[in-house]
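Content type mmCIF, C-alpha atoms (C1' of nucleotides), from the file final_22.cif:
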```cif
data_protein
#
loop_
_atom_site.label_atom_id
_atom_site.label_comp_id
_atom_site.auth_asym_id
_atom_site.auth_seq_id
_atom_site.Cartn_x
_atom_site.Cartn_y
_atom_site.Cartn_z
CA MET A 1 93.60 -55.01 55.10
CA ARG A 2 91.79 -58.15 56.17
CA LYS A 3 89.92 -59.80 59.00
CA LYS A 4 93.12 -60.60 60.87
CA PRO A 5 95.02 -57.43 61.80
CA PRO A 6 97.68 -56.61 59.21
CA SER A 7 101.32 -56.78 60.22
CA GLU A 8 103.67 -53.82 60.15
CA SER A 9 105.20 -54.89 56.85
CA GLN A 10 101.81 -55.54 55.28
CA LEU A 11 100.76 -52.00 56.20
CA ALA A 12 103.96 -50.66 54.67
CA ASP A 13 103.34 -52.64 51.46
CA ILE A 14 99.78 -51.37 51.19
CA ALA A 15 100.90 -47.81 51.89
CA GLY A 16 103.54 -48.26 49.20
CA ILE A 17 100.99 -49.10 46.54
CA PHE A 18 98.86 -46.13 47.53
CA ALA A 19 101.94 -43.90 47.39
CA ILE A 20 102.55 -45.00 43.82
CA LEU A 21 98.96 -44.11 42.95
CA ALA A 22 99.13 -40.79 44.80
CA ASP A 23 100.58 -38.78 41.95
CA ARG A 24 98.91 -36.84 39.17
CA SER A 25 101.52 -37.74 36.53
CA ARG A 26 101.39 -41.43 37.26
CA LEU A 27 97.60 -41.50 37.24
CA LEU A 28 97.72 -39.68 33.92
CA LEU A 29 100.11 -42.26 32.50
CA LEU A 30 98.01 -45.15 33.78
CA ASN A 31 94.88 -43.62 32.36
CA THR A 32 96.56 -43.12 29.00
CA LEU A 33 97.75 -46.72 28.98
CA ARG A 34 94.22 -47.77 29.75
CA GLU A 35 93.22 -46.87 26.17
CA SER A 36 96.00 -48.98 24.71
CA PRO A 37 99.64 -49.98 25.23
CA CYS A 38 102.06 -47.19 24.28
CA TYR A 39 105.69 -46.48 23.58
CA VAL A 40 107.43 -43.96 25.80
CA THR A 41 107.47 -41.29 23.11
CA GLU A 42 103.74 -41.70 22.54
CA LEU A 43 103.16 -41.28 26.25
CA CYS A 44 105.20 -38.08 26.24
CA ARG A 45 103.08 -36.72 23.40
CA LYS A 46 99.73 -37.81 24.79
CA THR A 47 100.36 -36.60 28.32
CA GLY A 48 102.50 -33.53 27.66
CA LEU A 49 105.01 -34.72 30.27
CA LYS A 50 108.76 -34.48 29.64
CA GLN A 51 110.63 -37.60 28.60
CA ALA A 52 112.82 -37.82 31.72
CA ASN A 53 109.75 -37.53 33.90
CA VAL A 54 107.81 -40.12 31.90
CA SER A 55 110.65 -42.64 32.11
CA LYS A 56 111.06 -41.98 35.80
CA GLN A 57 107.38 -42.43 36.63
CA LEU A 58 107.09 -45.49 34.37
CA GLY A 59 110.04 -46.93 36.24
CA LEU A 60 108.18 -46.50 39.53
CA LEU A 61 104.99 -47.98 38.08
CA LYS A 62 106.95 -50.94 36.79
CA SER A 63 108.72 -51.51 40.10
CA ALA A 64 105.28 -51.68 41.71
CA GLU A 65 104.29 -54.16 38.99
CA LEU A 66 101.41 -51.96 37.87
CA VAL A 67 102.72 -51.92 34.30
CA THR A 68 104.78 -54.29 32.18
CA THR A 69 107.18 -53.61 29.32
CA GLN A 70 108.00 -55.24 26.05
CA ARG A 71 111.01 -54.22 24.03
CA ASP A 72 110.45 -53.79 20.31
CA GLY A 73 113.80 -52.97 18.77
CA ASN A 74 114.62 -49.48 19.80
CA LEU A 75 111.24 -48.90 21.40
CA VAL A 76 109.77 -49.98 24.72
CA GLN A 77 106.07 -50.59 24.92
CA TYR A 78 104.30 -50.17 28.26
CA SER A 79 101.05 -51.90 29.16
CA ILE A 80 98.78 -52.06 32.18
CA ALA A 81 99.62 -55.06 34.36
CA GLU A 82 96.86 -54.53 36.92
CA PRO A 83 93.47 -53.57 35.45
CA MET A 84 92.31 -53.73 39.06
CA ILE A 85 93.71 -50.25 39.66
CA PHE A 86 90.85 -48.84 37.61
CA ASP A 87 88.36 -50.54 39.89
CA ILE A 88 90.11 -48.84 42.80
CA CYS A 89 90.02 -45.49 41.03
CA GLU A 90 86.34 -46.01 40.32
CA LEU A 91 85.66 -46.51 44.03
CA VAL A 92 87.65 -43.39 44.89
CA CYS A 93 85.84 -41.41 42.21
CA SER A 94 82.45 -42.42 43.49
CA LYS A 95 83.50 -41.35 46.97
CA ILE A 96 84.62 -37.94 45.69
CA GLU A 97 81.33 -37.45 43.86
CA ARG A 98 79.36 -38.52 46.90
CA ASP A 99 81.28 -36.04 49.06
CA ALA A 100 80.67 -33.28 46.55
CA ARG A 101 76.94 -33.97 46.46
CA ARG A 102 76.82 -34.05 50.24
CA ARG A 103 78.58 -30.70 50.44
CA ILE A 104 76.17 -29.11 47.98
CA GLN A 105 73.25 -30.56 49.93
CA ALA A 106 74.63 -29.23 53.21
CA PHE A 107 75.12 -25.79 51.65
CA ARG A 108 71.51 -25.75 50.40
CA THR A 109 70.16 -26.77 53.80
CA GLU A 110 72.24 -24.10 55.50
CA ARG A 111 70.96 -21.45 53.12
CA THR A 112 67.37 -22.53 53.70
CA ILE A 113 67.78 -22.32 57.45
CA ALA A 114 69.43 -18.91 57.15
CA ALA A 115 66.58 -17.67 54.95
CA ARG A 116 64.02 -18.64 57.59
CA ARG A 117 65.55 -16.30 60.16
CA MET B 1 88.91 -42.67 36.74
CA ARG B 2 86.04 -43.29 34.35
CA LYS B 3 85.13 -43.91 30.75
CA LYS B 4 85.52 -40.25 29.84
CA PRO B 5 89.10 -39.04 30.43
CA PRO B 6 89.43 -37.44 33.85
CA SER B 7 90.17 -33.73 34.08
CA GLU B 8 93.27 -32.29 35.70
CA SER B 9 91.41 -31.46 38.89
CA GLN B 10 89.76 -34.87 39.04
CA LEU B 11 93.19 -36.48 38.81
CA ALA B 12 94.42 -34.23 41.59
CA ASP B 13 91.43 -35.16 43.76
CA ILE B 14 91.98 -38.87 43.19
CA ALA B 15 95.70 -38.53 43.87
CA GLY B 16 94.80 -36.66 47.06
CA ILE B 17 92.75 -39.54 48.42
CA PHE B 18 95.52 -42.00 47.62
CA ALA B 19 98.02 -39.72 49.34
CA ILE B 20 95.92 -39.82 52.49
CA LEU B 21 95.91 -43.62 52.34
CA ALA B 22 99.64 -43.79 51.60
CA ASP B 23 100.81 -43.72 55.18
CA ARG B 24 101.44 -46.50 57.65
CA SER B 25 100.14 -44.57 60.67
CA ARG B 26 96.92 -43.55 59.00
CA LEU B 27 96.25 -47.08 57.75
CA LEU B 28 96.87 -48.32 61.26
CA LEU B 29 94.37 -45.83 62.67
CA LEU B 30 91.77 -46.71 60.05
CA ASN B 31 92.24 -50.38 60.70
CA THR B 32 91.88 -49.85 64.42
CA LEU B 33 88.71 -47.86 63.89
CA ARG B 34 87.43 -50.68 61.76
CA GLU B 35 86.92 -52.77 64.89
CA SER B 36 84.91 -50.06 66.59
CA PRO B 37 84.73 -46.27 67.06
CA CYS B 38 87.40 -45.00 69.46
CA TYR B 39 88.41 -41.99 71.50
CA VAL B 40 91.75 -40.41 70.74
CA THR B 41 93.38 -41.77 73.89
CA GLU B 42 92.22 -45.27 73.05
CA LEU B 43 93.73 -44.94 69.60
CA CYS B 44 97.02 -43.84 71.13
CA ARG B 45 97.02 -46.89 73.36
CA LYS B 46 95.93 -49.37 70.70
CA THR B 47 98.32 -48.16 68.01
CA GLY B 48 101.28 -47.12 70.15
CA LEU B 49 101.44 -43.80 68.30
CA LYS B 50 102.05 -40.55 70.19
CA GLN B 51 99.11 -38.31 70.94
CA ALA B 52 100.27 -35.40 68.79
CA ASN B 53 100.75 -37.71 65.86
CA VAL B 54 97.39 -39.39 66.34
CA SER B 55 95.56 -36.06 66.44
CA LYS B 56 97.43 -34.85 63.41
CA GLN B 57 96.72 -37.93 61.30
CA LEU B 58 93.09 -38.04 62.44
CA GLY B 59 92.80 -34.43 61.35
CA LEU B 60 93.99 -35.38 57.87
CA LEU B 61 91.65 -38.37 57.73
CA LYS B 62 88.79 -36.14 58.78
CA SER B 63 89.60 -33.47 56.22
CA ALA B 64 89.43 -36.19 53.57
CA GLU B 65 86.07 -37.23 55.05
CA LEU B 66 87.31 -40.75 55.69
CA VAL B 67 86.38 -40.52 59.37
CA THR B 68 83.81 -38.56 61.37
CA THR B 69 83.89 -37.27 64.92
CA GLN B 70 81.42 -36.98 67.72
CA ARG B 71 82.17 -34.99 70.81
CA ASP B 72 81.26 -36.60 74.10
CA GLY B 73 82.03 -34.12 76.85
CA ASN B 74 85.74 -33.93 77.11
CA LEU B 75 86.31 -36.78 74.68
CA VAL B 76 86.17 -37.01 70.90
CA GLN B 77 85.08 -40.24 69.33
CA TYR B 78 86.28 -41.08 65.83
CA SER B 79 84.46 -43.42 63.47
CA ILE B 80 84.94 -44.70 59.94
CA ALA B 81 83.00 -42.59 57.46
CA GLU B 82 83.89 -44.60 54.37
CA PRO B 83 83.77 -48.38 54.82
CA MET B 84 84.63 -48.46 51.12
CA ILE B 85 88.29 -47.87 51.97
CA PHE B 86 88.48 -51.43 53.25
CA ASP B 87 87.26 -52.71 49.90
CA ILE B 88 90.08 -50.75 48.31
CA CYS B 89 92.61 -52.12 50.77
CA GLU B 90 91.31 -55.61 50.08
CA LEU B 91 91.96 -55.14 46.36
CA VAL B 92 95.45 -53.84 47.04
CA CYS B 93 96.14 -56.71 49.40
CA SER B 94 95.10 -59.30 46.87
CA LYS B 95 97.41 -57.69 44.34
CA ILE B 96 100.33 -57.81 46.76
CA GLU B 97 99.67 -61.47 47.50
CA ARG B 98 99.37 -62.26 43.81
CA ASP B 99 102.70 -60.51 43.14
CA ALA B 100 104.35 -62.43 45.96
CA ARG B 101 103.10 -65.76 44.65
CA ARG B 102 104.24 -64.87 41.15
CA ARG B 103 107.71 -63.99 42.43
CA ILE B 104 108.01 -67.27 44.30
CA GLN B 105 106.85 -69.14 41.21
CA ALA B 106 109.37 -67.33 39.03
CA PHE B 107 112.12 -68.13 41.51
CA ARG B 108 111.20 -71.83 41.48
CA THR B 109 111.15 -71.96 37.68
CA GLU B 110 114.52 -70.26 37.53
CA ARG B 111 116.01 -72.73 39.97
CA THR B 112 114.62 -75.68 38.01
CA ILE B 113 116.11 -74.39 34.79
CA ALA B 114 119.44 -73.76 36.49
CA ALA B 115 119.42 -77.31 37.91
CA ARG B 116 118.95 -78.76 34.42
CA ARG B 117 122.21 -77.30 33.14
"C1'" DT C 1 88.57 -18.44 89.67
"C1'" DT C 2 91.98 -22.85 89.71
"C1'" DA C 3 93.25 -27.34 88.46
"C1'" DC C 4 92.94 -31.30 85.77
"C1'" DT C 5 92.20 -34.17 81.56
"C1'" DA C 6 91.55 -34.75 76.58
"C1'" DT C 7 92.49 -33.11 72.24
"C1'" DA C 8 94.36 -29.91 68.76
"C1'" DT C 9 97.88 -26.92 66.94
"C1'" DT C 10 102.41 -25.01 66.23
"C1'" DA C 11 107.23 -25.14 64.99
"C1'" DC C 12 110.88 -27.57 63.47
"C1'" DA C 13 114.44 -31.18 62.00
"C1'" DA C 14 114.73 -35.08 59.29
"C1'" DT C 15 113.45 -37.20 55.32
"C1'" DA C 16 111.22 -38.07 50.93
"C1'" DT C 17 109.35 -36.79 46.48
"C1'" DC C 18 108.61 -34.11 42.16
"C1'" DG C 19 110.18 -32.37 37.84
"C1'" DT C 20 114.09 -31.26 35.00
"C1'" DG C 21 118.57 -30.56 32.52
"C1'" DA C 22 122.36 -33.12 31.50
"C1'" DT C 23 124.14 -37.33 30.51
"C1'" DA C 24 124.42 -42.32 29.82
"C1'" DT C 25 122.93 -46.47 27.59
"C1'" DA C 26 121.05 -49.40 24.01
"C1'" DG C 27 119.42 -50.63 19.45
"C1'" DG C 28 119.30 -49.85 14.39
"C1'" DC C 29 121.62 -48.57 10.35
"C1'" DA C 30 125.18 -46.70 7.19
"C1'" DT D 1 133.53 -47.98 13.28
"C1'" DG D 2 130.23 -43.61 13.76
"C1'" DC D 3 125.77 -41.53 13.94
"C1'" DC D 4 121.01 -41.26 15.04
"C1'" DT D 5 116.86 -42.17 17.81
"C1'" DA D 6 114.60 -43.99 21.95
"C1'" DT D 7 114.84 -44.72 26.63
"C1'" DA D 8 116.94 -44.70 31.24
"C1'" DT D 9 119.61 -42.67 34.87
"C1'" DC D 10 121.99 -39.08 37.55
"C1'" DA D 11 122.18 -34.90 40.21
"C1'" DC D 12 119.98 -31.17 42.02
"C1'" DG D 13 116.71 -27.41 43.61
"C1'" DA D 14 112.22 -26.89 45.12
"C1'" DT D 15 108.67 -28.53 47.74
"C1'" DA D 16 106.06 -31.64 50.75
"C1'" DT D 17 105.56 -34.93 54.47
"C1'" DT D 18 106.73 -37.37 58.72
"C1'" DG D 19 107.00 -37.55 63.78
"C1'" DT D 20 107.67 -34.97 67.92
"C1'" DA D 21 108.25 -31.62 71.80
"C1'" DA D 22 106.13 -27.78 73.32
"C1'" DT D 23 102.16 -25.25 73.70
"C1'" DA D 24 97.35 -23.96 73.13
"C1'" DT D 25 92.50 -24.93 73.53
"C1'" DA D 26 88.24 -26.98 75.27
"C1'" DG D 27 85.57 -29.27 78.60
"C1'" DT D 28 84.70 -30.72 83.53
"C1'" DA D 29 84.64 -30.14 88.21
"C1'" DA D 30 85.93 -28.18 92.58
#
```
Could the structure of this file be written out as structure tokens, please?
Amino acid sequence: MRKKPPSESQLADIAGIFAILADRSRLLLLNTLRESPCYVTELCRKTGLKQANVSKQLGLLKSAELVTTQRDGNLVQYSIAEPMIFDICELVCSKIERDARRRIQAFRTERTIAARR
Amino acid sequence: MRKKPPSESQLADIAGIFAILADRSRLLLLNTLRESPCYVTELCRKTGLKQANVSKQLGLLKSAELVTTQRDGNLVQYSIAEPMIFDICELVCSKIERDARRRIQAFRTERTIAARR
DNA sequence: TTACTATATTACAATATCGTGATATAGGCA
DNA sequence: TGCCTATATCACGATATTGTAATATAGTAA
């Protein structure tokens, strides 16, 4: 999204990246890879996800170029290709926390007003 | 996503925000609202989306607290509640452009190597 | 009240996505 | 070759999401 209005296909591309990030399992995998690069089996163990699921989600992450792979004999090591995604997650997190605080504040205010009646 | 590993419910919350952003129509609405606050009918006209769809997507955006509303008689004006989303989109955009450049570069290199044979 | 406009909601078909069991593929080693 | 492990892919049921036509609701004004 930029100063000039985005084209149809740009919107679709942007939506596509968000769609990749809009999944609990994939966020879990990304967050695990954030600590250090991992083999698929390690990711299965660390996340508790089944192997077929891990491979499938890693495939999607790779097709979006959010992770990269390196073959090491029989093993495949996955790494983060876009550290930027954690900046994005940080922004989203801060929004969620802000919303939560605002909701608590609104609840307190409401209770105070109710108590005055 | 932060230094301490995110909990299950935090991951779900983050994924939820991304899911809201992972749709062409909603991005289009947000981008239109970026110019200025709009009434629903204006948004229909500016985006070309049908009224039922616009109301539905605005409802989702509002439930995620990405937009706010203000009633004005018979009309409802929608505004951006989280300018931060455009920072996020900017990051995603720059990634997409970087990927595109890298792909073009890789294609050129490949062609050069092929030409040498 | 009635009529009109703006917006929201409902119901549904079409489509997409998630997770999984089963299976395929690929590499290492005997 | 055959066997084992690691990873990827296929096929499918379950579930979720999209856009839309039809309908409901809310506000204004006569």
For the provided coordinates, the residues matched by the PyMOL selection byres ((chain D and resi 17) around 9) should be stated as a compact mmCIF listing (two decimals) with C-alpha atoms (C1' of nucleotides), keeping the file's coordinate frame.
```txt
# COMPACT_ATOMS: atom_id res chain seq x y z
C1' DT C 15 113.45 -37.20 55.32
C1' DA C 16 111.22 -38.07 50.93
C1' DA D 16 106.06 -31.64 50.75
C1' DT D 18 106.73 -37.37 58.72
```
Give me, as an MDAnalysis selection string, the residues of chain B touching chain A, with the criterion being at most 9 Å (counting all atoms listed in the file). chainID B and resid 1:2 5:6 8 10:25 27:28 31:32 65 82 84:93 95:96 99
Please write as a PDB file with C-alpha atoms, in the coordinates of the input the full residue list that the PyMOL selection byres ((chain B) within 10 of (chain C)) yields on this file.
```pdb
ATOM      1  CA  TYR B  39      88.410 -41.990  71.500  1.00  0.00           C
ATOM      2  CA  VAL B  40      91.750 -40.410  70.740  1.00  0.00           C
ATOM      3  CA  THR B  41      93.380 -41.770  73.890  1.00  0.00           C
ATOM      4  CA  GLN B  51      99.110 -38.310  70.940  1.00  0.00           C
ATOM      5  CA  ALA B  52     100.270 -35.400  68.790  1.00  0.00           C
ATOM      6  CA  VAL B  54      97.390 -39.390  66.340  1.00  0.00           C
ATOM      7  CA  SER B  55      95.560 -36.060  66.440  1.00  0.00           C
ATOM      8  CA  LYS B  56      97.430 -34.850  63.410  1.00  0.00           C
ATOM      9  CA  GLY B  59      92.800 -34.430  61.350  1.00  0.00           C
ATOM     10  CA  GLY B  73      82.030 -34.120  76.850  1.00  0.00           C
ATOM     11  CA  ASN B  74      85.740 -33.930  77.110  1.00  0.00           C
ATOM     12  CA  LEU B  75      86.310 -36.780  74.680  1.00  0.00           C
ATOM     13  CA  VAL B  76      86.170 -37.010  70.900  1.00  0.00           C
TER      14      VAL B  76
END
```
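From atom CA of B:Gln57 back to atom CA of A:Ala106, the distance works out to 25.1 Å.
In this structure, atom CA of B:Arg111 sits 23.6 Å away from atom CA of A:Thr69.
Using all atoms listed in the file, the shortest contact distance between chain A and any of D:DA8, D:DA26, D:DC3, D:DA21 is found at D:DA8.
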Give me the residues of chain D that have any atom at most 9 Å from an atom of chain B; for each, the nearest atom pair and the distance in Å, rounded to one decimal. Use all atoms listed in the file, sort by chain and number, and format it as CSV.
```
residue,atom,partner,partner_atom,distance
D:DG19,C1',B:Asn53,CA,6.6
D:DT20,C1',B:Ala52,CA,7.5
D:DA26,C1',B:Asn74,CA,7.6
D:DG27,C1',B:Asn74,CA,4.9
D:DT28,C1',B:Asn74,CA,7.3
```
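When only C-alpha atoms are used to compute distances to A:Val67, the closest of the residues A:Arg102, A:Glu110, A:Glu42, A:Ile80 turns out to be A:Ile80.
The interatomic distance for the pair atom CA of B:Tyr78 and atom CA of B:Cys38 works out to 5.5 Å.
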Taking the partial coordinates given, rebuild stretch 88-99 of chain A to contain all heavy atoms; return it as a PDB file, in the coordinates of the input.
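Okay, this is what ended up in result_5.pdb:
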```pdb
ATOM      1  N   ILE A  88      89.811 -49.646  41.610  1.00  0.00           N
ATOM      2  CA  ILE A  88      90.110 -48.840  42.800  1.00  0.00           C
ATOM      3  C   ILE A  88      89.809 -47.373  42.533  1.00  0.00           C
ATOM      4  O   ILE A  88      89.162 -46.696  43.330  1.00  0.00           O
ATOM      5  CB  ILE A  88      91.587 -49.028  43.206  1.00  0.00           C
ATOM      6  CG1 ILE A  88      91.822 -50.471  43.660  1.00  0.00           C
ATOM      7  CG2 ILE A  88      91.974 -48.043  44.289  1.00  0.00           C
ATOM      8  CD1 ILE A  88      93.243 -50.750  44.094  1.00  0.00           C
ATOM      9  N   CYS A  89      90.262 -46.885  41.383  1.00  0.00           N
ATOM     10  CA  CYS A  89      90.020 -45.490  41.030  1.00  0.00           C
ATOM     11  C   CYS A  89      88.531 -45.196  40.945  1.00  0.00           C
ATOM     12  O   CYS A  89      88.068 -44.123  41.343  1.00  0.00           O
ATOM     13  CB  CYS A  89      90.707 -45.136  39.714  1.00  0.00           C
ATOM     14  SG  CYS A  89      92.490 -44.963  39.861  1.00  0.00           S
ATOM     15  N   GLU A  90      87.792 -46.181  40.437  1.00  0.00           N
ATOM     16  CA  GLU A  90      86.340 -46.010  40.320  1.00  0.00           C
ATOM     17  C   GLU A  90      85.716 -45.834  41.697  1.00  0.00           C
ATOM     18  O   GLU A  90      84.858 -44.957  41.897  1.00  0.00           O
ATOM     19  CB  GLU A  90      85.771 -47.262  39.631  1.00  0.00           C
ATOM     20  CG  GLU A  90      84.406 -47.083  39.030  1.00  0.00           C
ATOM     21  CD  GLU A  90      84.415 -45.997  37.965  1.00  0.00           C
ATOM     22  OE1 GLU A  90      85.219 -46.071  37.018  1.00  0.00           O
ATOM     23  OE2 GLU A  90      83.606 -45.053  38.125  1.00  0.00           O
ATOM     24  N   LEU A  91      86.176 -46.629  42.659  1.00  0.00           N
ATOM     25  CA  LEU A  91      85.660 -46.510  44.030  1.00  0.00           C
ATOM     26  C   LEU A  91      85.991 -45.137  44.606  1.00  0.00           C
ATOM     27  O   LEU A  91      85.148 -44.492  45.231  1.00  0.00           O
ATOM     28  CB  LEU A  91      86.275 -47.603  44.918  1.00  0.00           C
ATOM     29  CG  LEU A  91      85.723 -49.017  44.745  1.00  0.00           C
ATOM     30  CD1 LEU A  91      86.560 -50.032  45.508  1.00  0.00           C
ATOM     31  CD2 LEU A  91      84.270 -49.067  45.236  1.00  0.00           C
ATOM     32  N   VAL A  92      87.235 -44.701  44.378  1.00  0.00           N
ATOM     33  CA  VAL A  92      87.650 -43.390  44.890  1.00  0.00           C
ATOM     34  C   VAL A  92      86.827 -42.287  44.245  1.00  0.00           C
ATOM     35  O   VAL A  92      86.371 -41.355  44.909  1.00  0.00           O
ATOM     36  CB  VAL A  92      89.152 -43.170  44.656  1.00  0.00           C
ATOM     37  CG1 VAL A  92      89.545 -41.735  44.990  1.00  0.00           C
ATOM     38  CG2 VAL A  92      89.975 -44.141  45.494  1.00  0.00           C
ATOM     39  N   CYS A  93      86.634 -42.410  42.940  1.00  0.00           N
ATOM     40  CA  CYS A  93      85.840 -41.410  42.210  1.00  0.00           C
ATOM     41  C   CYS A  93      84.437 -41.307  42.759  1.00  0.00           C
ATOM     42  O   CYS A  93      83.912 -40.211  42.945  1.00  0.00           O
ATOM     43  CB  CYS A  93      85.757 -41.802  40.735  1.00  0.00           C
ATOM     44  SG  CYS A  93      86.819 -40.839  39.695  1.00  0.00           S
ATOM     45  N   SER A  94      83.828 -42.452  43.012  1.00  0.00           N
ATOM     46  CA  SER A  94      82.450 -42.420  43.490  1.00  0.00           C
ATOM     47  C   SER A  94      82.399 -41.774  44.871  1.00  0.00           C
ATOM     48  O   SER A  94      81.448 -41.069  45.190  1.00  0.00           O
ATOM     49  CB  SER A  94      81.860 -43.828  43.504  1.00  0.00           C
ATOM     50  OG  SER A  94      82.474 -44.609  44.503  1.00  0.00           O
ATOM     51  N   LYS A  95      83.427 -42.008  45.659  1.00  0.00           N
ATOM     52  CA  LYS A  95      83.500 -41.350  46.970  1.00  0.00           C
ATOM     53  C   LYS A  95      83.581 -39.830  46.812  1.00  0.00           C
ATOM     54  O   LYS A  95      82.889 -39.073  47.491  1.00  0.00           O
ATOM     55  CB  LYS A  95      84.709 -41.832  47.759  1.00  0.00           C
ATOM     56  CG  LYS A  95      84.908 -41.021  49.043  1.00  0.00           C
ATOM     57  CD  LYS A  95      86.334 -41.003  49.502  1.00  0.00           C
ATOM     58  CE  LYS A  95      86.644 -39.947  50.556  1.00  0.00           C
ATOM     59  NZ  LYS A  95      85.546 -39.322  51.247  1.00  0.00           N
ATOM     60  N   ILE A  96      84.436 -39.381  45.894  1.00  0.00           N
ATOM     61  CA  ILE A  96      84.620 -37.940  45.690  1.00  0.00           C
ATOM     62  C   ILE A  96      83.304 -37.312  45.245  1.00  0.00           C
ATOM     63  O   ILE A  96      82.916 -36.248  45.744  1.00  0.00           O
ATOM     64  CB  ILE A  96      85.734 -37.693  44.659  1.00  0.00           C
ATOM     65  CG1 ILE A  96      87.087 -38.083  45.258  1.00  0.00           C
ATOM     66  CG2 ILE A  96      85.740 -36.235  44.208  1.00  0.00           C
ATOM     67  CD1 ILE A  96      88.233 -38.088  44.265  1.00  0.00           C
ATOM     68  N   GLU A  97      82.609 -37.999  44.334  1.00  0.00           N
ATOM     69  CA  GLU A  97      81.330 -37.450  43.860  1.00  0.00           C
ATOM     70  C   GLU A  97      80.289 -37.423  44.970  1.00  0.00           C
ATOM     71  O   GLU A  97      79.531 -36.462  45.095  1.00  0.00           O
ATOM     72  CB  GLU A  97      80.813 -38.281  42.678  1.00  0.00           C
ATOM     73  CG  GLU A  97      81.523 -37.920  41.380  1.00  0.00           C
ATOM     74  CD  GLU A  97      81.298 -38.960  40.294  1.00  0.00           C
ATOM     75  OE1 GLU A  97      80.304 -39.705  40.401  1.00  0.00           O
ATOM     76  OE2 GLU A  97      82.116 -39.022  39.352  1.00  0.00           O
ATOM     77  N   ARG A  98      80.292 -38.474  45.775  1.00  0.00           N
ATOM     78  CA  ARG A  98      79.360 -38.520  46.900  1.00  0.00           C
ATOM     79  C   ARG A  98      79.631 -37.363  47.858  1.00  0.00           C
ATOM     80  O   ARG A  98      78.711 -36.677  48.298  1.00  0.00           O
ATOM     81  CB  ARG A  98      79.525 -39.866  47.621  1.00  0.00           C
ATOM     82  CG  ARG A  98      78.233 -40.488  48.080  1.00  0.00           C
ATOM     83  CD  ARG A  98      78.489 -41.856  48.687  1.00  0.00           C
ATOM     84  NE  ARG A  98      79.462 -42.647  47.947  1.00  0.00           N
ATOM     85  CZ  ARG A  98      80.531 -43.219  48.481  1.00  0.00           C
ATOM     86  NH1 ARG A  98      80.774 -43.111  49.780  1.00  0.00           N
ATOM     87  NH2 ARG A  98      81.370 -43.920  47.721  1.00  0.00           N
ATOM     88  N   ASP A  99      80.921 -37.143  48.164  1.00  0.00           N
ATOM     89  CA  ASP A  99      81.280 -36.040  49.060  1.00  0.00           C
ATOM     90  C   ASP A  99      80.825 -34.707  48.486  1.00  0.00           C
ATOM     91  O   ASP A  99      80.296 -33.858  49.204  1.00  0.00           O
ATOM     92  CB  ASP A  99      82.805 -35.995  49.260  1.00  0.00           C
ATOM     93  CG  ASP A  99      83.290 -37.152  50.134  1.00  0.00           C
ATOM     94  OD1 ASP A  99      82.438 -37.844  50.734  1.00  0.00           O
ATOM     95  OD2 ASP A  99      84.510 -37.346  50.206  1.00  0.00           O
TER      96      ASP A  99
END
```
